[in-house]
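Novice: Let me begin by handing over the structure; questions about it come next.
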Amino acid sequence: MRQRACFCTLFHKNETPWGKPVCWVSMRMRRTVAQTTAALALAVFLAASVCRAQKIEVTVTPAEVENGSPVLVHVEAEDGASVEGEWLGRKIEFFPARRGNGWLALAGVDVKQEPGPSTLHITVRSAGETYHLSRAIQIHPAHYRASTLSVPPRFVSPGPAQLRRIETERKLKDAVFAVSATRRLWSGAFHLPVNAQPTDSFGTRRIFNGQLASIHEGMDFHARMGTRVRASNSGVVVLARPLYYEGNCVVIDHGLGLFTLSMHLSRIYVREGQRVTTGQRLGLSGATGRVTGPHLHWAVRWQGAYLDPARLLRLPLDQIR
Ligand SMILES: [Zn+2]
């Protein structure tokens, strides 16, 4: 189900309570009921013309949002309008839809986000006017699993040299994720990165050796050693090297703050700075880094939020080329 709401920005020029759409025309009609028939007809005619011309429509997919959900935001606005947004402290960057006058953005809710109410803010600039719109979105709790795992002790209690390496790599990753292409590099739907059985491991609360608790921020595939790992969509390789926890890791920037990460590879076939297209071979699956055995860990990161890869694969992005 898709949520739709139609708003007349003439009425809601400053702050709009989404979810309670009110048509300026109907309000105006109520106020002018005591006036002459001719004046009423003129008011309705003028208001209806402006209302149609400046109508802004917003669609959020999926309609029911949970922590970990990727979300497609569609804003239907006039030609020449520019659109930007903010949600849960993250900037939403829109790109023009090829069909109609729409603007689209791929956004989402971090897996660690507390469920509860949130507000999506959108600013539309059109014909010299600025319209601030807001919409209440309830974050429903996702039901992820819990599990305990055993890994070599050095991954739970790293020594001084390993801690130095981990810190160096943390700074490197921060620098990599701080920069993303200012335009969309992906095209169409995202595809499975490997021909192997996926698991529902995203969001699982994990206890390593009874000590360290973490939320699993990616999706594991039962990929045998040496299985081809492919780019799920087009973009630029911004990291391709061995890391302590991630093992041989490839990160692709898909633009506008969206990245996909492939970890624990046995081989890497791409280099940093290289452009890749959907389906291009990135490397081979393996068991490098903090692992209990060979598998592919695949993660989706948007503006610092980790999103459910399985739900990204299901989003209706086919027509976005
Ligand atoms: Zn994993």
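In the structure tokens, each chain is lettered A, B, ... as it comes, each chain's residues begin at 1, and ligands are numbered from 1 in order of appearance.
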Within 10 Å of ligand 1, which residues show up when you count only C-alpha atoms and all ligand atoms? List them as a list in words, please.
Specialist: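 These are the residues that qualify: Thr199, Ser201, Phe202, Thr204, Ile215, His216, Glu217, Gly218, Met219, Asp220, Phe221, Glu246, Ser262, Met263, His264, Arg290, Val291, Thr292, His295, Leu296, His297, Trp298 and Ala299 of chain A.
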Novice: If you count only C-alpha atoms, which residues fall within 9 Å of A:Leu315, apart from same-chain ones fewer than 6 positions away, as an NGL selection string?
Specialist: :A and (61-62 or 70-72 or 189-190)
Novice: Could the residues in this selection be saved with C-alpha atoms as a PDB file, in the first residue's frame?
Specialist:
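Contents of the output file again-v9.pdb:
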ATOM      1  CA  THR A  61       7.259   3.536  -0.132  1.00  0.00           C
ATOM      2  CA  PRO A  62       6.800   1.307   1.810  1.00  0.00           C
ATOM      3  CA  PRO A  70      15.056   1.571   3.050  1.00  0.00           C
ATOM      4  CA  VAL A  71      12.458   4.093   1.891  1.00  0.00           C
ATOM      5  CA  LEU A  72      11.733   5.599  -1.511  1.00  0.00           C
ATOM      6  CA  ALA A 189      16.770  -2.219  -9.287  1.00  0.00           C
ATOM      7  CA  PHE A 190      19.563  -3.567  -7.075  1.00  0.00           C
TER       8      PHE A 190
END
Novice: Can you work out the spacing between atom CA of A:Ala127 and atom CA of A:Ala81 in Å, to one decimal?
Specialist: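 Separation between atom CA of A:Ala127 and atom CA of A:Ala81: 7.3 Å.
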Novice: Where does DSSP see strand (DSSP E or B) in stretch 18-267 of chain A, if you list the residues as a VMD selection string?
Specialist: chain A and resid 55 to 61 65 to 66 70 to 76 82 to 87 90 to 93 95 to 96 102 to 108 116 to 126 129 to 140 146 to 149 194 197 to 198 205 to 208 212 to 215 219 to 222 228 to 230 235 to 243 247 to 255 258 to 267
